[in-house]
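> Here's a structure for you.
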Amino acid sequence: MKCVSDNINNPIKQEEFIMKNLKKTLAAIAALTMVTASMSGCGSSEDKSSGSTASSSGESVSSSSVSEESNGEMSNEERIISAAQEGKVGNWGLGNEYEILALLTKYGQDTTYLSQSFDMDGFDDGSITLASAMTYNELGLVVNDYEGGYGYGDTVGTIDMNDEGVAMLEDNLFCTKEFAESNPNTVKAFVYASMEGWKYACEHPDEAAQIVYEAGSSVSSDHQAYMASEVKKLVETDTKGNIVTDYGKMDEEAMQQTLDLAKQYISLDDRTAAEKLQTLTLDDIRDTSYWESGMAKDFGEPEKKDVSVQLKWLPQCQFMGYFVAEAKGYYDEVGLNVDIISGGGDIGETTAVNNGTVDFGVTWVSNLISANAGGMDLLEVAQVYQRSGLVLVYKKLIYTLYGRALPVCQNF
């Protein structure tokens, strides 16, 4: 046996130790037992009476700066700085990275991140210590032990973009400005029926999950149920944690923050598009009148009765409101025959709506902003998600060890 006091200067060794010796379901118990044993048999180069610990860069950090509520773990700021300096912050890119760039900038770090695949294997094997995850999707796979899950349970923690003040709004409902102007009753009716579907789905998440599953779910029924419970939170809670009862409302402050962050972090190669991006206002990307009239049921017979909506991804509870609206007959009640089309294909939702392949689409606000900067003329007519669903997930024990620089005994 080789006893080492790795402190924080060799985080990779500590990661290897944890990954080799801990079973996920007993990670915290097993690890703490080993740490206790190592402390009794190994010396530490730190003076425990000094009241300070080592940071990821080897600098002394006062114990008073470590979050008290995390029982000695590093604070979120320390975690972010540590992972950034190690080059172990992960994200998928493809328009999902803007909040991560804003977060790294907030803490004065380089905005380089690791390209993360759409599974969580990089997080599992330790190559990514702060991994991007949507609360309703990847986080569920990390935490749960059902089919496809990694089973980490409560041994992981998260850094929430809403709490960090860098949240950008995600799933919305949109069409082209031309379509809205030519078919105002259709748009209002579609918004109303869709929001009725979202209301019912949030009131009955288990039933909504089953409806989506039967509609051709892309994931297991257990994961659908988890997704439904988490999506409900995004629809009914705003970025500041306040309860939202007006489904689909466009919150001015949250929308403006999203646009401001988009202008700062979206990078467009085309010069004309980049210049246009900086001139966009909220009036260029949304119109609240369709939602207001729709929710007041102030609309006549739809001009176009057969309409289609393209999702951003495959059928899952991220989009449960539309499937529920169809299953419960809400679209029929307003005289619409709606075809729900899966996303994830060769043609993205913004392009499909812009070229008239479909009438409506579901996208993130940042995607719509980019599309309009690039020359499209899209219009948001309802904001379904009221807060960001993006978090960075981390293993609590890793950062407890890093933050407190505990001595470690390892077999090599």
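Quick note on naming: the chains in the structure tokens go A, B, ... in the order shown, residues restart at 1 in each chain, and ligands are numbered from 1 in order of appearance.
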Which residues of segment 137-207 of chain A come within 12 Å of segment 230-241 of chain A, and what is each one's closest atom pair and distance in Å (one decimal), counting only C-alpha atoms, sorted by chain and residue number, as a tab-separated table?

```
residue	atom	partner	partner_atom	distance
A:Asn137	CA	A:Glu230	CA	8.6
A:Glu138	CA	A:Glu230	CA	11.4
A:Leu139	CA	A:Glu230	CA	10.1
A:Gly140	CA	A:Glu230	CA	9.0
A:Asp160	CA	A:Thr239	CA	10.1
A:Met161	CA	A:Thr239	CA	8.8
A:Asn162	CA	A:Thr239	CA	5.3
A:Asp163	CA	A:Lys240	CA	7.5
A:Glu164	CA	A:Thr239	CA	10.0
A:Gly165	CA	A:Thr239	CA	8.4
A:Val166	CA	A:Thr239	CA	9.6
A:Ala167	CA	A:Thr239	CA	7.0
A:Met168	CA	A:Thr239	CA	8.9
A:Leu169	CA	A:Thr239	CA	8.7
A:Glu170	CA	A:Leu234	CA	9.5
A:Asp171	CA	A:Val235	CA	9.5
A:Asn172	CA	A:Val235	CA	10.6
A:Met195	CA	A:Val235	CA	10.4
A:Trp198	CA	A:Val235	CA	8.2
A:Lys199	CA	A:Val235	CA	9.1
A:Tyr200	CA	A:Lys232	CA	10.4
A:Ala201	CA	A:Lys232	CA	7.9
A:Cys202	CA	A:Lys232	CA	5.2
A:Glu203	CA	A:Lys232	CA	8.4
A:His204	CA	A:Lys232	CA	9.5
A:Pro205	CA	A:Lys232	CA	7.4
A:Asp206	CA	A:Lys232	CA	10.8
```
> May I have all residues of segment 195-387 of chain A that DSSP, computed from the backbone, assigns to helix (DSSP H, G or I), given as a PDB file with C-alpha atoms, in the first residue's frame?

```pdb
ATOM      1  CA  MET A 195     -51.757  25.737 -22.656  1.00  0.00           C
ATOM      2  CA  GLU A 196     -54.848  23.843 -21.516  1.00  0.00           C
ATOM      3  CA  GLY A 197     -52.877  20.705 -22.265  1.00  0.00           C
ATOM      4  CA  TRP A 198     -49.934  21.987 -20.234  1.00  0.00           C
ATOM      5  CA  LYS A 199     -52.193  22.902 -17.328  1.00  0.00           C
ATOM      6  CA  TYR A 200     -53.725  19.436 -17.227  1.00  0.00           C
ATOM      7  CA  ALA A 201     -50.320  17.774 -17.620  1.00  0.00           C
ATOM      8  CA  CYS A 202     -48.887  19.702 -14.687  1.00  0.00           C
ATOM      9  CA  GLU A 203     -51.915  18.909 -12.544  1.00  0.00           C
ATOM     10  CA  PRO A 205     -48.002  14.471 -14.232  1.00  0.00           C
ATOM     11  CA  ASP A 206     -48.296  10.696 -13.834  1.00  0.00           C
ATOM     12  CA  GLU A 207     -51.181  10.521 -16.295  1.00  0.00           C
ATOM     13  CA  ALA A 208     -49.336  12.858 -18.652  1.00  0.00           C
ATOM     14  CA  ALA A 209     -46.285  10.600 -18.541  1.00  0.00           C
ATOM     15  CA  GLN A 210     -48.418   7.606 -19.488  1.00  0.00           C
ATOM     16  CA  ILE A 211     -50.014   9.531 -22.370  1.00  0.00           C
ATOM     17  CA  VAL A 212     -46.583  10.429 -23.750  1.00  0.00           C
ATOM     18  CA  TYR A 213     -45.340   6.889 -23.276  1.00  0.00           C
ATOM     19  CA  GLU A 214     -48.278   5.486 -25.221  1.00  0.00           C
ATOM     20  CA  SER A 221     -41.930   4.669 -18.609  1.00  0.00           C
ATOM     21  CA  ASP A 222     -39.996   5.202 -15.361  1.00  0.00           C
ATOM     22  CA  HIS A 223     -37.922   7.958 -16.917  1.00  0.00           C
ATOM     23  CA  GLN A 224     -41.023   9.527 -18.451  1.00  0.00           C
ATOM     24  CA  ALA A 225     -42.610   9.712 -14.997  1.00  0.00           C
ATOM     25  CA  TYR A 226     -39.473  11.357 -13.621  1.00  0.00           C
ATOM     26  CA  MET A 227     -39.386  13.790 -16.541  1.00  0.00           C
ATOM     27  CA  ALA A 228     -43.007  14.795 -16.052  1.00  0.00           C
ATOM     28  CA  SER A 229     -42.451  15.663 -12.392  1.00  0.00           C
ATOM     29  CA  GLU A 230     -39.407  17.795 -13.240  1.00  0.00           C
ATOM     30  CA  VAL A 231     -40.869  19.507 -16.313  1.00  0.00           C
ATOM     31  CA  LYS A 232     -43.833  20.538 -14.155  1.00  0.00           C
ATOM     32  CA  LYS A 233     -41.402  22.571 -12.016  1.00  0.00           C
ATOM     33  CA  LEU A 234     -40.015  24.391 -15.056  1.00  0.00           C
ATOM     34  CA  VAL A 235     -43.490  25.281 -16.289  1.00  0.00           C
ATOM     35  CA  GLU A 236     -44.865  26.421 -12.921  1.00  0.00           C
ATOM     36  CA  GLU A 252     -40.428  40.486 -19.614  1.00  0.00           C
ATOM     37  CA  GLU A 253     -37.448  40.380 -17.254  1.00  0.00           C
ATOM     38  CA  ALA A 254     -36.548  36.753 -17.949  1.00  0.00           C
ATOM     39  CA  MET A 255     -36.973  37.273 -21.680  1.00  0.00           C
ATOM     40  CA  GLN A 256     -34.731  40.345 -21.603  1.00  0.00           C
ATOM     41  CA  GLN A 257     -32.031  38.510 -19.644  1.00  0.00           C
ATOM     42  CA  THR A 258     -32.129  35.732 -22.208  1.00  0.00           C
ATOM     43  CA  LEU A 259     -31.752  38.207 -25.055  1.00  0.00           C
ATOM     44  CA  ASP A 260     -28.940  40.076 -23.292  1.00  0.00           C
ATOM     45  CA  LEU A 261     -26.982  36.876 -22.656  1.00  0.00           C
ATOM     46  CA  ALA A 262     -27.612  35.753 -26.225  1.00  0.00           C
ATOM     47  CA  LYS A 263     -26.108  38.959 -27.553  1.00  0.00           C
ATOM     48  CA  GLN A 264     -23.061  38.447 -25.372  1.00  0.00           C
ATOM     49  CA  TYR A 265     -22.383  34.759 -25.976  1.00  0.00           C
ATOM     50  CA  ARG A 271     -20.958  39.308 -40.262  1.00  0.00           C
ATOM     51  CA  THR A 272     -24.385  40.581 -41.256  1.00  0.00           C
ATOM     52  CA  ALA A 273     -26.075  38.133 -38.903  1.00  0.00           C
ATOM     53  CA  ALA A 274     -23.695  39.026 -36.067  1.00  0.00           C
ATOM     54  CA  GLU A 275     -24.458  42.708 -36.521  1.00  0.00           C
ATOM     55  CA  LYS A 276     -28.204  42.101 -36.672  1.00  0.00           C
ATOM     56  CA  LEU A 277     -28.033  40.042 -33.469  1.00  0.00           C
ATOM     57  CA  GLN A 278     -26.827  43.091 -31.571  1.00  0.00           C
ATOM     58  CA  THR A 279     -29.784  45.181 -32.775  1.00  0.00           C
ATOM     59  CA  LEU A 282     -37.863  41.672 -27.624  1.00  0.00           C
ATOM     60  CA  ASP A 283     -40.355  43.053 -30.129  1.00  0.00           C
ATOM     61  CA  ASP A 284     -38.305  41.375 -32.865  1.00  0.00           C
ATOM     62  CA  SER A 289     -50.998  39.620 -28.002  1.00  0.00           C
ATOM     63  CA  TYR A 290     -51.667  36.141 -29.382  1.00  0.00           C
ATOM     64  CA  TRP A 291     -51.160  34.577 -25.960  1.00  0.00           C
ATOM     65  CA  GLU A 292     -53.238  37.253 -24.225  1.00  0.00           C
ATOM     66  CA  SER A 293     -56.161  36.899 -26.639  1.00  0.00           C
ATOM     67  CA  GLY A 294     -55.850  33.142 -26.740  1.00  0.00           C
ATOM     68  CA  MET A 295     -55.946  32.693 -22.974  1.00  0.00           C
ATOM     69  CA  CYS A 317     -42.407  14.574 -21.353  1.00  0.00           C
ATOM     70  CA  GLN A 318     -40.389  17.642 -22.253  1.00  0.00           C
ATOM     71  CA  PHE A 319     -43.352  18.186 -24.620  1.00  0.00           C
ATOM     72  CA  MET A 320     -46.118  16.546 -22.598  1.00  0.00           C
ATOM     73  CA  GLY A 321     -48.562  19.460 -22.851  1.00  0.00           C
ATOM     74  CA  TYR A 322     -49.057  18.986 -26.597  1.00  0.00           C
ATOM     75  CA  PHE A 323     -49.639  15.245 -26.318  1.00  0.00           C
ATOM     76  CA  VAL A 324     -52.097  15.810 -23.474  1.00  0.00           C
ATOM     77  CA  ALA A 325     -53.927  18.508 -25.444  1.00  0.00           C
ATOM     78  CA  GLU A 326     -54.347  16.037 -28.283  1.00  0.00           C
ATOM     79  CA  ALA A 327     -55.343  13.119 -26.043  1.00  0.00           C
ATOM     80  CA  TYR A 330     -58.480  20.281 -26.380  1.00  0.00           C
ATOM     81  CA  TYR A 331     -57.424  20.829 -29.984  1.00  0.00           C
ATOM     82  CA  ASP A 332     -60.685  19.334 -31.241  1.00  0.00           C
ATOM     83  CA  GLU A 333     -62.663  21.682 -28.984  1.00  0.00           C
ATOM     84  CA  GLU A 349     -37.577  23.072 -35.924  1.00  0.00           C
ATOM     85  CA  THR A 350     -36.694  26.687 -36.771  1.00  0.00           C
ATOM     86  CA  THR A 351     -35.931  25.802 -40.388  1.00  0.00           C
ATOM     87  CA  ALA A 352     -39.031  23.627 -40.701  1.00  0.00           C
ATOM     88  CA  VAL A 353     -41.282  26.438 -39.497  1.00  0.00           C
ATOM     89  CA  ASN A 354     -39.504  29.103 -41.525  1.00  0.00           C
ATOM     90  CA  VAL A 365     -35.464  31.219 -27.029  1.00  0.00           C
ATOM     91  CA  SER A 366     -31.740  31.414 -27.858  1.00  0.00           C
ATOM     92  CA  ASN A 367     -32.318  29.255 -30.945  1.00  0.00           C
ATOM     93  CA  LEU A 368     -35.080  31.563 -32.119  1.00  0.00           C
ATOM     94  CA  ILE A 369     -32.849  34.589 -31.527  1.00  0.00           C
ATOM     95  CA  SER A 370     -30.054  33.036 -33.600  1.00  0.00           C
ATOM     96  CA  ALA A 371     -32.500  32.138 -36.367  1.00  0.00           C
ATOM     97  CA  ASN A 372     -33.874  35.660 -36.608  1.00  0.00           C
ATOM     98  CA  ALA A 373     -30.389  37.151 -36.561  1.00  0.00           C
TER      99      ALA A 373
END
```
> Taking 3 positions as the minimum chain separation for residues in the same chain, which residues sit within 7 Å of Cys175 of chain A when counting only C-alpha atoms? Answer as a PyMOL selection string.
chain A and resi 179-180+353+359-361+378-380
> Which of these, A:Lys312, A:Lys328, A:Lys395, A:Lys305, has the shortest distance to Asn183 of chain A once you count only C-alpha atoms?
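Smallest distance to Asn183 of chain A is found for A:Lys305.
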> Hey, what does DSSP flag as strand (DSSP E or B) within segment 130-165 of chain A? Can you give it to me as a PyMOL selection string?
chain A and resi 130-134+156-160
> Keeping C-alpha atoms for every residue in the selection just given, could you write it to a file as a PDB file, in the first residue's frame?

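Generated output (part_11.pdb):
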```pdb
ATOM      1  CA  LEU A 130     -18.935  19.369 -13.693  1.00  0.00           C
ATOM      2  CA  ALA A 131     -21.240  17.901 -16.326  1.00  0.00           C
ATOM      3  CA  SER A 132     -24.147  19.665 -17.991  1.00  0.00           C
ATOM      4  CA  ALA A 133     -27.523  18.065 -17.375  1.00  0.00           C
ATOM      5  CA  MET A 134     -31.137  19.013 -17.873  1.00  0.00           C
ATOM      6  CA  VAL A 156     -24.420  14.132  -6.324  1.00  0.00           C
ATOM      7  CA  GLY A 157     -25.140  17.849  -6.160  1.00  0.00           C
ATOM      8  CA  THR A 158     -26.061  20.473  -8.732  1.00  0.00           C
ATOM      9  CA  ILE A 159     -25.267  24.068  -9.650  1.00  0.00           C
ATOM     10  CA  ASP A 160     -28.439  25.745 -10.911  1.00  0.00           C
TER      11      ASP A 160
END
```
> List the neighbours of segment 112-126 of chain A out to 9 Å using only C-alpha atoms; skip same-chain residues closer than 6 positions along the sequence, and give me the result as a list in words.
Ile12, Glu15, Glu16, Met19, Ala84, Gly87, Lys88, Val89, Gly90, Asn91, Trp92, Gly93, Glu97, Ile100, Leu101, Leu104, Ser132, Ala133, Glu138, Leu139, Leu141, Val142, Tyr150, Val393, Tyr394 and Lys395 of chain A
> Please identify all polymer residues within 8 Å of Glu147 of chain A, counting only C-alpha atoms, omitting same-chain residues fewer than 2 positions from it, and present them as a PyMOL selection string.
chain A and resi 145+149+220+222
